[in-house]
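Next comes coords-v2.csv, with CSV, C-alpha atoms.
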chain,number,residue,atom,x,y,z
A,1,MET,CA,7.7,96.8,-5.1
A,2,LEU,CA,7.2,93.2,-3.8
A,3,ASN,CA,5.9,90.7,-6.4
A,4,LYS,CA,3.1,88.8,-4.7
A,5,ARG,CA,2.3,86.4,-7.5
A,6,PRO,CA,4.9,83.8,-6.5
A,7,LEU,CA,3.7,83.9,-2.9
A,8,LEU,CA,0.1,83.4,-4.0
A,9,ARG,CA,1.1,80.5,-6.2
A,10,LEU,CA,3.0,78.8,-3.3
A,11,GLY,CA,0.0,79.3,-1.1
A,12,ALA,CA,-2.3,77.7,-3.6
A,13,TRP,CA,0.0,74.6,-4.0
A,14,GLY,CA,0.2,74.3,-0.2
A,15,ALA,CA,-3.6,74.3,0.1
A,16,ILE,CA,-3.8,71.6,-2.5
A,17,ALA,CA,-1.3,69.5,-0.7
A,18,LEU,CA,-3.1,69.8,2.6
A,19,THR,CA,-6.3,68.9,1.0
A,20,MET,CA,-4.8,65.7,-0.6
A,21,SER,CA,-3.2,64.8,2.7
A,22,ALA,CA,-6.5,65.1,4.5
A,23,CYS,CA,-8.2,62.9,1.9
A,24,THR,CA,-5.6,60.1,1.9
A,25,ALA,CA,-4.9,59.9,5.6
A,26,GLU,CA,-6.9,57.5,7.7
A,27,PRO,CA,-8.5,58.9,10.8
A,28,GLY,CA,-7.1,57.3,14.0
A,29,ASN,CA,-4.1,55.9,12.2
A,30,GLY,CA,-1.5,58.5,13.1
A,31,GLY,CA,-1.7,60.2,9.7
A,32,ARG,CA,-0.7,57.1,7.8
A,33,ARG,CA,-2.6,55.4,5.1
A,34,ALA,CA,-4.3,52.0,5.8
A,35,PRO,CA,-2.0,49.2,4.8
A,36,GLU,CA,-2.9,47.3,1.7
A,37,VAL,CA,-3.4,43.5,2.2
A,38,GLY,CA,-4.1,40.6,-0.1
A,39,TYR,CA,-7.0,38.3,0.7
A,40,VAL,CA,-8.6,35.1,-0.6
A,41,THR,CA,-12.2,34.2,-0.2
A,42,ALA,CA,-13.0,31.1,1.8
A,43,THR,CA,-14.6,28.5,-0.4
A,44,VAL,CA,-15.9,25.1,0.7
A,45,GLN,CA,-14.7,22.2,-1.4
A,46,ALA,CA,-14.1,18.5,-1.2
A,47,VAL,CA,-10.6,17.8,0.1
A,48,PRO,CA,-9.1,14.3,0.3
A,49,LEU,CA,-7.6,13.3,3.6
A,50,THR,CA,-4.3,11.9,2.5
A,51,THR,CA,-2.7,9.4,4.9
A,52,SER,CA,1.1,8.7,4.9
A,53,LEU,CA,2.1,5.3,6.4
A,54,GLY,CA,5.4,3.6,6.5
A,55,GLY,CA,5.6,0.0,5.2
A,56,ARG,CA,7.7,-2.9,4.0
A,57,THR,CA,7.5,-4.6,0.7
A,58,VAL,CA,6.6,-8.3,0.8
A,59,ALA,CA,6.9,-10.9,-2.0
A,60,PHE,CA,3.6,-11.8,-3.6
A,61,GLU,CA,4.4,-15.5,-3.3
A,62,THR,CA,7.2,-17.2,-1.4
A,63,SER,CA,8.2,-20.9,-1.6
A,64,GLU,CA,11.0,-22.7,0.2
A,65,VAL,CA,12.4,-25.5,-1.9
A,66,ARG,CA,12.6,-28.7,0.2
A,67,PRO,CA,13.3,-32.3,-0.6
A,68,GLN,CA,10.5,-34.8,-0.3
A,69,VAL,CA,12.7,-37.9,-0.4
A,70,ASN,CA,16.1,-38.8,1.1
A,71,GLY,CA,19.3,-39.1,-0.9
A,72,ILE,CA,22.5,-37.5,-2.2
A,73,ILE,CA,22.3,-34.5,-4.5
A,74,ARG,CA,23.9,-35.2,-7.8
A,75,ARG,CA,23.4,-32.0,-9.7
A,76,ARG,CA,22.1,-28.4,-9.3
A,77,LEU,CA,20.1,-27.5,-12.4
A,78,PHE,CA,19.5,-23.7,-12.0
A,79,THR,CA,21.5,-20.4,-11.9
A,80,GLU,CA,21.4,-18.7,-8.5
A,81,GLY,CA,19.5,-15.4,-8.6
A,82,GLY,CA,17.9,-16.3,-11.9
A,83,PHE,CA,14.2,-16.6,-12.9
A,84,VAL,CA,12.7,-20.1,-12.7
A,85,ARG,CA,9.3,-21.3,-13.9
A,86,VAL,CA,6.9,-23.6,-12.1
A,87,GLY,CA,7.9,-27.3,-12.7
A,88,GLN,CA,11.4,-26.4,-13.8
A,89,PRO,CA,14.0,-29.0,-12.4
A,90,LEU,CA,16.2,-27.5,-9.7
A,91,TYR,CA,18.1,-30.4,-8.1
A,92,GLN,CA,18.7,-34.0,-9.1
A,93,ILE,CA,18.9,-36.6,-6.2
A,94,ASP,CA,20.4,-40.0,-6.7
A,95,ALA,CA,17.4,-42.0,-8.0
A,96,SER,CA,18.9,-45.5,-8.1
A,97,LEU,CA,17.0,-46.9,-5.0
A,98,TYR,CA,13.7,-45.3,-6.1
A,99,ARG,CA,14.0,-46.6,-9.6
A,100,ALA,CA,14.6,-50.1,-8.2
A,101,ALA,CA,11.7,-49.7,-5.9
A,102,ALA,CA,9.4,-48.8,-8.8
A,103,GLN,CA,10.6,-51.8,-10.8
A,104,GLN,CA,9.9,-54.1,-7.9
A,105,ALA,CA,6.5,-52.6,-7.4
A,106,GLU,CA,5.8,-53.3,-11.1
A,107,ALA,CA,6.8,-57.0,-10.7
A,108,ASN,CA,4.6,-57.3,-7.6
A,109,LEU,CA,1.7,-55.9,-9.5
A,110,ALA,CA,2.2,-58.4,-12.3
A,111,SER,CA,2.3,-61.3,-9.9
A,112,ALA,CA,-0.8,-60.1,-8.1
A,113,ARG,CA,-2.7,-59.8,-11.4
A,114,ALA,CA,-1.7,-63.4,-12.3
A,115,SER,CA,-2.9,-64.7,-9.0
A,116,ALA,CA,-6.1,-62.8,-9.4
A,117,GLU,CA,-6.7,-64.3,-12.8
A,118,ALA,CA,-6.2,-67.8,-11.5
A,119,ALA,CA,-8.5,-67.3,-8.5
A,120,GLU,CA,-11.3,-65.8,-10.7
A,121,GLU,CA,-11.0,-68.7,-13.2
A,122,ARG,CA,-11.3,-71.3,-10.4
A,123,ALA,CA,-14.4,-69.6,-9.0
A,124,ARG,CA,-16.0,-69.6,-12.5
A,125,ARG,CA,-15.3,-73.3,-12.9
A,126,LEU,CA,-16.8,-74.2,-9.5
A,127,GLU,CA,-19.9,-72.2,-10.0
A,128,PRO,CA,-21.8,-74.7,-12.3
A,129,LEU,CA,-20.5,-77.6,-10.3
A,130,ALA,CA,-21.8,-76.0,-7.1
A,131,LYS,CA,-25.3,-75.6,-8.7
A,132,MET,CA,-25.3,-79.3,-9.6
A,133,GLN,CA,-24.1,-80.1,-6.1
A,134,ALA,CA,-21.1,-81.9,-7.6
A,135,VAL,CA,-18.8,-80.0,-5.2
A,136,ALA,CA,-19.4,-78.8,-1.7
A,137,GLU,CA,-21.0,-75.4,-1.4
A,138,GLN,CA,-18.2,-74.3,1.0
A,139,ASP,CA,-15.5,-75.0,-1.7
A,140,TYR,CA,-17.3,-72.6,-4.1
A,141,THR,CA,-17.6,-70.0,-1.4
A,142,ASP,CA,-13.9,-70.2,-0.6
A,143,ALA,CA,-13.0,-69.9,-4.3
A,144,ARG,CA,-15.1,-66.7,-4.6
A,145,ALA,CA,-13.4,-65.2,-1.4
A,146,GLN,CA,-10.0,-66.0,-2.8
A,147,ALA,CA,-10.8,-64.3,-6.1
A,148,ARG,CA,-11.9,-61.1,-4.2
A,149,MET,CA,-8.7,-61.2,-2.1
A,150,ALA,CA,-6.7,-61.5,-5.3
A,151,ARG,CA,-8.4,-58.5,-6.7
A,152,ALA,CA,-7.7,-56.5,-3.5
A,153,ALA,CA,-4.0,-57.6,-3.8
A,154,VAL,CA,-3.9,-56.2,-7.3
A,155,ALA,CA,-5.2,-52.8,-6.0
A,156,GLN,CA,-2.6,-52.8,-3.2
A,157,ASN,CA,0.2,-53.5,-5.5
A,158,ARG,CA,-1.1,-50.9,-8.0
A,159,ALA,CA,-1.0,-48.3,-5.2
A,160,ALA,CA,2.5,-49.4,-4.2
A,161,LEU,CA,3.6,-48.9,-7.7
A,162,GLU,CA,2.1,-45.4,-7.8
A,163,THR,CA,3.9,-44.6,-4.6
A,164,ALA,CA,7.2,-45.8,-6.0
A,165,ARG,CA,6.8,-43.8,-9.1
A,166,ILE,CA,6.0,-40.7,-7.0
A,167,ASN,CA,9.1,-41.1,-5.0
A,168,LEU,CA,11.1,-41.6,-8.2
A,169,ARG,CA,9.6,-38.4,-9.5
A,170,TYR,CA,10.5,-36.6,-6.3
A,171,ALA,CA,14.1,-37.5,-6.9
A,172,THR,CA,14.0,-34.6,-9.3
A,173,ILE,CA,13.2,-31.5,-7.2
A,174,ALA,CA,11.1,-29.0,-9.3
A,175,ALA,CA,10.2,-25.4,-8.7
A,176,PRO,CA,6.8,-25.2,-7.0
A,177,ILE,CA,6.2,-21.6,-8.2
A,178,SER,CA,7.6,-19.1,-10.8
A,179,GLY,CA,9.8,-16.3,-9.6
A,180,ARG,CA,13.4,-15.3,-8.6
A,181,ILE,CA,15.4,-18.0,-6.9
A,182,GLY,CA,18.0,-17.1,-4.3
A,183,ARG,CA,21.3,-18.8,-3.5
A,184,SER,CA,21.5,-22.5,-3.1
A,185,LEU,CA,22.0,-23.7,0.5
A,186,ALA,CA,23.0,-27.2,-0.6
A,187,THR,CA,25.7,-28.4,-3.0
A,188,PRO,CA,26.1,-31.5,-5.1
A,189,GLY,CA,27.2,-34.4,-2.8
A,190,ALA,CA,25.2,-33.2,0.1
A,191,LEU,CA,22.9,-35.7,1.9
A,192,VAL,CA,19.3,-34.3,2.1
A,193,SER,CA,16.2,-35.7,3.8
A,194,ALA,CA,12.5,-35.1,3.7
A,195,SER,CA,12.5,-34.1,7.4
A,196,GLN,CA,15.3,-31.6,7.3
A,197,ALA,CA,14.6,-28.1,8.7
A,198,GLU,CA,16.7,-26.1,6.3
A,199,PRO,CA,15.4,-25.4,2.8
A,200,LEU,CA,17.6,-26.0,-0.3
A,201,ALA,CA,16.7,-22.5,-1.8
A,202,THR,CA,13.9,-19.9,-1.7
A,203,ILE,CA,11.8,-18.7,-4.6
A,204,GLN,CA,10.0,-15.4,-4.5
A,205,ARG,CA,7.5,-14.0,-6.9
A,206,ILE,CA,7.8,-10.2,-6.9
A,207,ASP,CA,5.5,-9.1,-9.8
A,208,PRO,CA,3.1,-8.1,-8.5
A,209,ILE,CA,4.4,-7.2,-5.0
A,210,TYR,CA,2.7,-6.5,-1.7
A,211,VAL,CA,3.3,-3.5,0.7
A,212,ASP,CA,2.4,-4.0,4.3
A,213,MET,CA,1.6,-0.8,6.1
A,214,GLN,CA,1.1,-0.2,9.8
A,215,GLN,CA,-1.6,2.3,11.0
A,216,SER,CA,-2.5,3.2,14.5
A,217,SER,CA,-5.6,1.5,15.7
A,218,ALA,CA,-6.7,4.9,17.3
A,219,ASP,CA,-6.5,6.6,13.9
A,220,LEU,CA,-8.4,3.8,12.2
A,221,THR,CA,-11.1,4.0,14.9
A,222,ARG,CA,-11.5,7.8,14.4
A,223,LEU,CA,-11.7,7.3,10.7
A,224,ARG,CA,-14.4,4.7,11.0
A,225,GLN,CA,-16.4,6.8,13.4
A,226,ALA,CA,-16.2,9.8,11.0
A,227,LEU,CA,-17.3,7.6,8.1
A,228,GLN,CA,-20.3,6.3,10.2
A,229,SER,CA,-21.3,9.8,11.3
A,230,GLY,CA,-21.2,11.1,7.7
A,231,GLY,CA,-18.5,13.7,8.5
A,232,VAL,CA,-16.3,12.3,5.7
A,233,ALA,CA,-16.9,10.2,2.7
A,234,PRO,CA,-15.0,7.1,1.7
A,235,GLY,CA,-11.8,7.8,-0.2
A,236,SER,CA,-10.0,5.9,-3.0
A,237,THR,CA,-8.2,2.6,-2.7
A,238,ALA,CA,-5.4,3.9,-5.0
A,239,VAL,CA,-2.0,4.1,-3.3
A,240,ARG,CA,1.2,5.9,-4.3
A,241,LEU,CA,4.7,5.0,-3.1
A,242,ARG,CA,7.7,7.1,-2.1
A,243,LEU,CA,10.9,5.1,-2.1
A,244,GLU,CA,13.8,5.2,0.4
A,245,ASP,CA,15.7,7.8,-1.6
A,246,GLY,CA,12.6,10.1,-1.6
A,247,SER,CA,11.7,9.5,-5.3
A,248,GLU,CA,8.2,8.5,-6.4
A,249,TYR,CA,7.5,5.0,-7.6
A,250,GLY,CA,5.7,5.2,-11.0
A,251,PRO,CA,2.9,2.6,-11.0
A,252,ALA,CA,0.0,3.1,-8.5
A,253,GLY,CA,-1.2,0.3,-6.4
A,254,SER,CA,-4.5,-0.5,-4.6
A,255,VAL,CA,-5.4,-1.4,-1.0
A,256,GLU,CA,-6.3,-5.1,-0.8
A,257,PHE,CA,-7.4,-5.5,2.8
A,258,SER,CA,-6.8,-4.6,6.5
A,259,GLU,CA,-6.2,-7.1,9.3
A,260,VAL,CA,-9.1,-7.8,11.7
A,261,THR,CA,-6.8,-7.8,14.8
A,262,VAL,CA,-4.6,-5.3,16.5
A,263,ASN,CA,-1.0,-6.0,17.2
A,264,GLU,CA,-0.9,-5.9,21.0
A,265,ALA,CA,2.8,-5.0,21.1
A,266,THR,CA,2.5,-1.9,18.8
A,267,GLY,CA,-1.2,-1.0,18.9
A,268,THR,CA,-1.3,-1.0,15.1
A,269,VAL,CA,-3.3,-2.6,12.3
A,270,THR,CA,-1.7,-4.0,9.2
A,271,LEU,CA,-3.0,-2.8,5.8
A,272,ARG,CA,-1.9,-4.5,2.6
A,273,ALA,CA,-1.6,-2.9,-0.8
A,274,ARG,CA,-0.7,-4.6,-4.1
A,275,PHE,CA,1.6,-2.9,-6.7
A,276,PRO,CA,2.7,-4.0,-10.2
A,277,ASN,CA,6.4,-4.5,-10.3
A,278,PRO,CA,7.3,-5.4,-14.0
A,279,ASP,CA,10.9,-4.1,-13.8
A,280,GLY,CA,11.7,-5.6,-10.5
A,281,LEU,CA,12.5,-2.3,-8.9
A,282,LEU,CA,10.8,-3.2,-5.7
A,283,LEU,CA,12.5,-5.9,-3.7
A,284,PRO,CA,11.1,-7.7,-0.7
A,285,GLY,CA,12.1,-6.1,2.6
A,286,MET,CA,12.4,-2.5,1.3
A,287,PHE,CA,11.1,0.4,3.5
A,288,VAL,CA,8.7,2.6,1.6
A,289,THR,CA,6.2,5.3,2.4
A,290,ALA,CA,2.6,4.8,1.2
A,291,LEU,CA,0.4,7.7,0.4
A,292,PHE,CA,-3.4,7.3,-0.2
A,293,ASP,CA,-6.7,9.1,0.3
A,294,GLN,CA,-8.5,7.2,3.0
A,295,ALA,CA,-11.4,9.6,3.1
A,296,VAL,CA,-12.7,12.8,1.6
A,297,ASN,CA,-13.9,15.8,3.6
A,298,PRO,CA,-16.7,17.3,1.6
A,299,ALA,CA,-16.8,20.6,3.5
A,300,ALA,CA,-13.2,21.7,4.0
A,301,ILE,CA,-11.5,25.0,3.1
A,302,LEU,CA,-8.0,25.3,1.7
A,303,LEU,CA,-5.9,28.3,2.8
A,304,PRO,CA,-2.4,29.2,1.7
A,305,GLN,CA,0.1,28.3,4.4
A,306,PRO,CA,1.3,31.9,5.0
A,307,ALA,CA,-2.2,32.9,6.0
A,308,VAL,CA,-2.3,30.5,9.0
A,309,GLN,CA,-0.4,31.5,12.2
A,310,ARG,CA,0.1,29.6,15.4
A,311,ASP,CA,-0.4,30.9,19.0
A,312,PHE,CA,1.8,30.0,21.9
A,313,ASP,CA,-0.4,27.0,22.7
A,314,GLY,CA,-0.1,25.8,19.2
A,315,SER,CA,-3.7,26.7,18.2
A,316,ALA,CA,-4.1,28.1,14.7
A,317,PHE,CA,-5.6,31.5,13.8
A,318,VAL,CA,-6.0,33.8,10.8
A,319,TYR,CA,-6.9,37.4,10.2
A,320,ILE,CA,-10.0,38.1,8.2
A,321,VAL,CA,-11.3,41.4,6.7
A,322,GLY,CA,-14.3,42.2,8.8
A,323,LYS,CA,-16.9,45.0,8.9
A,324,ASP,CA,-15.7,48.4,7.6
A,325,ASN,CA,-12.5,46.8,6.3
A,326,LYS,CA,-11.3,46.2,9.9
A,327,THR,CA,-9.2,43.1,10.7
A,328,ALA,CA,-10.6,40.4,13.0
A,329,ARG,CA,-8.6,37.6,14.5
A,330,ARG,CA,-10.3,34.2,14.0
A,331,ARG,CA,-9.3,30.9,15.6
A,332,ILE,CA,-9.5,28.0,13.2
A,333,VAL,CA,-9.0,24.2,13.1
A,334,ALA,CA,-6.2,23.3,10.8
A,335,GLU,CA,-4.6,20.0,11.6
A,336,ARG,CA,-3.2,18.9,8.3
A,337,THR,CA,-1.8,20.3,5.0
A,338,LEU,CA,-2.4,19.4,1.4
A,339,GLY,CA,0.4,20.6,-0.8
A,340,ALA,CA,1.0,24.3,-0.2
A,341,ASN,CA,-2.3,24.8,1.7
A,342,TRP,CA,-3.7,24.2,5.1
A,343,VAL,CA,-6.9,22.2,5.3
A,344,VAL,CA,-9.3,24.1,7.5
A,345,THR,CA,-12.2,22.1,9.0
A,346,GLY,CA,-13.6,24.6,11.5
A,347,GLY,CA,-13.7,28.3,12.4
A,348,LEU,CA,-14.4,29.8,9.0
A,349,LYS,CA,-17.5,30.4,7.0
A,350,PRO,CA,-17.8,30.4,3.2
A,351,GLY,CA,-17.4,33.8,1.7
A,352,GLU,CA,-15.2,35.3,4.4
A,353,ARG,CA,-12.1,37.2,3.3
A,354,VAL,CA,-8.9,35.7,4.8
A,355,ILE,CA,-5.8,37.9,4.7
A,356,THR,CA,-2.9,36.0,3.1
A,357,GLN,CA,-0.5,38.8,2.2
A,358,GLY,CA,0.8,41.7,4.4
A,359,ILE,CA,-0.1,40.1,7.7
A,360,GLY,CA,3.3,40.9,9.4
A,361,ASN,CA,2.1,43.9,11.4
A,362,LEU,CA,-1.6,43.3,11.6
A,363,ARG,CA,-3.5,43.6,14.8
A,364,GLN,CA,-7.1,43.2,15.9
A,365,GLY,CA,-9.4,46.0,14.6
A,366,ALA,CA,-6.8,47.6,12.4
A,367,ALA,CA,-8.0,49.4,9.2
A,368,VAL,CA,-6.8,47.8,6.0
A,369,ARG,CA,-7.3,48.2,2.3
A,370,PRO,CA,-8.1,44.7,1.0
A,371,VAL,CA,-7.4,43.6,-2.5
A,372,PRO,CA,-7.6,40.1,-4.0
A,373,ALA,CA,-4.3,38.3,-3.4
A,374,ALA,CA,-3.7,37.8,-7.1
A,375,ARG,CA,-3.8,41.6,-7.7
A,376,ALA,CA,-1.9,42.8,-4.6
A,377,GLN,CA,1.1,44.7,-5.7
A,378,ARG,CA,2.3,46.8,-2.7
A,379,LEU,CA,1.6,45.2,0.6
A,380,GLY,CA,2.2,46.7,4.1
A,381,PRO,CA,1.9,50.2,5.5
A,382,ALA,CA,2.3,53.1,3.0
A,383,LYS,CA,4.3,56.2,3.6
A,384,ARG,CA,2.8,59.3,5.2
A,385,ALA,CA,0.4,61.2,3.0
A,386,ASP,CA,2.0,64.5,3.7
A,387,THR,CA,5.4,63.2,2.8
A,388,GLY,CA,4.2,61.9,-0.5
A,389,ALA,CA,2.6,65.3,-1.2
A,390,ALA,CA,5.8,67.1,-0.3
A,391,ASP,CA,7.8,64.9,-2.6
A,392,LYS,CA,5.6,65.9,-5.4

Is it possible to express this structure as structure tokens?
Amino acid sequence: MLNKRPLLRLGAWGAIALTMSACTAEPGNGGRRAPEVGYVTATVQAVPLTTSLGGRTVAFETSEVRPQVNGIIRRRLFTEGGFVRVGQPLYQIDASLYRAAAQQAEANLASARASAEAAEERARRLEPLAKMQAVAEQDYTDARAQARMARAAVAQNRAALETARINLRYATIAAPISGRIGRSLATPGALVSASQAEPLATIQRIDPIYVDMQQSSADLTRLRQALQSGGVAPGSTAVRLRLEDGSEYGPAGSVEFSEVTVNEATGTVTLRARFPNPDGLLLPGMFVTALFDQAVNPAAILLPQPAVQRDFDGSAFVYIVGKDNKTARRRIVAERTLGANWVVTGGLKPGERVITQGIGNLRQGAAVRPVPAARAQRLGPAKRADTGAADK
């Protein structure tokens, strides 16, 4: 006699499997479960608009060492490439002629003072005689005039002496500023003059140091218009530097000013930033990249870069979880990045769920099972429900 219990048991298991398949399958999805996708919720936040500009380092102070008198260089008094302080002697010019000129000026001043004393004494003696009409009035007037001329001669000779002393002091060429001095372009024995075109050496102060950056005048105009309209808020003046080898420069700087004219050849405006340079790492003429927040967008949305896709025309779009957990394609405005995120300035509303994971095979109006991106474990289409039941 045929045992019907195993057949009944198999029939019961089959009915259960069909029931589970019917419950897990999505209608209109070919018998497949809706794919699981991870999403993030669009949130408005203040996002800095970071600007990256190329620039060159410029010495804080630069001075060309030049002679102010003529003569033969006798000695060089500094080490090339070393640090010099303001007032430090650098070159010694033969001072024989200037020393003699100073001595002559001193003698001329002494002679003028003696003449002035004699003239003043004669005028004093003639004064009472003139009152008594013992001498002619004209003689007394002439004596007073000669005394005044003698005093003027004293002043002239005093100025000549000061000039001679200045020229004598200029025979020792001193550093006009403190900083690093370069190579010497003149050697002992060279004849130098106050009117020569070539400097003897160049001193540069590099702590602090400037960085001159070039920004397009069009970009600067757009930024100013956005600030005036209230679309963005002013940013920070703090500046960070990236060196030529890609490394970050430690100390931060600050923007000092921007030029008021546009370079006609390049269409750019120069911005200048100031940086501390205590270790002398930055040298004048180095190419660097400056990064700073020129403005802050108070109503931007950050999205992970994998969520944003590009169309054939370059426009950006994302998929959002719409009504009834159906996908909707949404065009957005995303013109820049911030770290690992796109900065979205248009096309999204706060609170919308943007799909960031499992977007490879999505299409408009597809049913999905959304989960927060942080909890998404298995993304993409699942296996057929009836296959899973059969495996069990």

Residues within 12 Å of (1.4, -0.8, 20.9), file coords, all atoms listed in the file, listed as a tab-separated table (two decimals) with C-alpha atoms, in the frame of the given file:
chain	number	residue	atom	x	y	z
A	214	GLN	CA	1.10	-0.20	9.80
A	215	GLN	CA	-1.60	2.30	11.00
A	216	SER	CA	-2.50	3.20	14.50
A	217	SER	CA	-5.60	1.50	15.70
A	218	ALA	CA	-6.70	4.90	17.30
A	262	VAL	CA	-4.60	-5.30	16.50
A	263	ASN	CA	-1.00	-6.00	17.20
A	264	GLU	CA	-0.90	-5.90	21.00
A	265	ALA	CA	2.80	-5.00	21.10
A	266	THR	CA	2.50	-1.90	18.80
A	267	GLY	CA	-1.20	-1.00	18.90
A	268	THR	CA	-1.30	-1.00	15.10
A	269	VAL	CA	-3.30	-2.60	12.30

Surrounding residues of Ala153 (chain A) excluding itself and chain neighbours under 2 positions, 10 Å, all atoms listed in the file, as a list in words: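 That gives Asn108, Leu109, Ser111, Ala112, Arg113, Ser115, Ala116, Ala147, Arg148, Met149, Ala150, Arg151, Ala155, Gln156, Asn157, Arg158 and Ala159 of chain A.
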
Please tabulate, as a tab-separated table, the residues of region 141-231 of chain A that come within 10 Å of region 235-258 of chain A, each with its closest pair of atoms and the distance in Å to one decimal, counting all atoms listed in the file and ordering rows by chain, then residue number upward.
residue	atom	partner	partner_atom	distance
A:Pro208	CA	A:Gly253	CA	9.7
A:Ile209	CA	A:Gly253	CA	9.5
A:Tyr210	CA	A:Gly253	CA	9.1
A:Val211	CA	A:Val255	CA	9.1
A:Asp212	CA	A:Ser258	CA	9.5
A:Met213	CA	A:Ser258	CA	9.2
A:Gln214	CA	A:Ser258	CA	9.6
A:Gln215	CA	A:Ser258	CA	9.7
A:Leu227	CA	A:Gly235	CA	10.0

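Here CA of Glu137 (chain A) is placed at a distance of 11.6 Å from CA of Ala123 (chain A).
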
Considering all atoms listed in the file, can you say which of A:Tyr140, A:Tyr39, A:Phe60, A:Phe275 comes closest to Leu303 (chain A)?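 Once distances to Leu303 (chain A) are computed over all atoms listed in the file, the minimum belongs to A:Tyr39.
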
Who sits within 9 Å of Met286 (chain A), all atoms listed in the file, same chain under 4 positions skipped, as an NGL selection string: :A and (55-58 or 243-244 or 282)

At what distance in Å, to one decimal, does CA of Gln357 (chain A) lie from CA of Lys326 (chain A)?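 Atom-to-atom, CA of Lys326 (chain A) and CA of Gln357 (chain A) are spaced 15.2 Å apart.
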
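Distance annotation: of A:Ala152, A:Pro350, A:Met132, A:Ser96, the residue with the minimal separation from Gln45 (chain A) is A:Pro350; atom set is all atoms listed in the file.
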
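The two atoms in question, CA of Gly322 (chain A) and CA of Ala46 (chain A), are spaced 25.7 Å apart.
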
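The shortest atom-to-atom distance to Pro304 (chain A), with all atoms listed in the file taken into account, belongs to A:Thr41 out of A:Pro276, A:Gly231, A:Thr41, A:Gly82.
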
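Distances from A:Ala174, A:Ala233, A:Leu271, A:Ile355 to Pro298 (chain A) were compared using all atoms listed in the file, and the smallest one belongs to A:Ala233.
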
Proximity to Arg66 (chain A) - best of A:Glu198, A:Glu162, A:Asp139, A:Asp94, only C-alpha atoms: A:Glu198

Which is closest to Thr261 (chain A) among A:Ala197, A:Ala175, A:Leu220, A:Val371, if we use all atoms listed in the file? A:Leu220

Could you name the residues that touch Ile177 (chain A) at 12 Å or less, counting all atoms listed in the file, but leaving out those on the same chain fewer than 5 positions away, as a list in words? Phe60, Glu61, Thr62, Ser63, Glu64, Val65, Phe83, Val84, Arg85, Val86, Gly87, Gln88, Pro89, Leu90, Thr202, Ile203, Gln204, Arg205 and Ile206 of chain A

Regenerate region 268-279 of chain A at the level of N, CA and C atoms and dump it as a JSON list (two decimals), in the frame of the given file.
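That gives us result.json:
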[["chain", "number", "residue", "atom", "x", "y", "z"],
["A", 268, "THR", "N", -1.08, -1.35, 16.46],
["A", 268, "THR", "CA", -1.30, -1.00, 15.10],
["A", 268, "THR", "C", -2.07, -2.09, 14.34],
["A", 269, "VAL", "N", -2.64, -1.70, 13.21],
["A", 269, "VAL", "CA", -3.30, -2.60, 12.30],
["A", 269, "VAL", "C", -2.58, -2.66, 11.00],
["A", 270, "THR", "N", -2.42, -3.82, 10.43],
["A", 270, "THR", "CA", -1.70, -4.00, 9.20],
["A", 270, "THR", "C", -2.65, -3.83, 7.99],
["A", 271, "LEU", "N", -2.30, -2.94, 7.07],
["A", 271, "LEU", "CA", -3.00, -2.80, 5.80],
["A", 271, "LEU", "C", -2.09, -3.28, 4.69],
["A", 272, "ARG", "N", -2.66, -3.96, 3.74],
["A", 272, "ARG", "CA", -1.90, -4.50, 2.60],
["A", 272, "ARG", "C", -2.31, -3.93, 1.31],
["A", 273, "ALA", "N", -1.32, -3.45, 0.53],
["A", 273, "ALA", "CA", -1.60, -2.90, -0.80],
["A", 273, "ALA", "C", -0.81, -3.75, -1.83],
["A", 274, "ARG", "N", -1.32, -3.77, -3.04],
["A", 274, "ARG", "CA", -0.70, -4.60, -4.10],
["A", 274, "ARG", "C", -0.26, -3.62, -5.23],
["A", 275, "PHE", "N", 0.99, -3.81, -5.69],
["A", 275, "PHE", "CA", 1.60, -2.90, -6.70],
["A", 275, "PHE", "C", 2.12, -3.78, -7.87],
["A", 276, "PRO", "N", 1.98, -3.31, -9.09],
["A", 276, "PRO", "CA", 2.70, -4.00, -10.20],
["A", 276, "PRO", "C", 4.18, -3.67, -10.08],
["A", 277, "ASN", "N", 4.99, -4.65, -10.46],
["A", 277, "ASN", "CA", 6.40, -4.50, -10.30],
["A", 277, "ASN", "C", 7.11, -5.16, -11.55],
["A", 278, "PRO", "N", 6.77, -4.70, -12.76],
["A", 278, "PRO", "CA", 7.30, -5.40, -14.00],
["A", 278, "PRO", "C", 8.78, -5.32, -14.12],
["A", 279, "ASP", "N", 9.41, -4.24, -13.65],
["A", 279, "ASP", "CA", 10.90, -4.10, -13.80],
["A", 279, "ASP", "C", 11.65, -4.62, -12.63]]
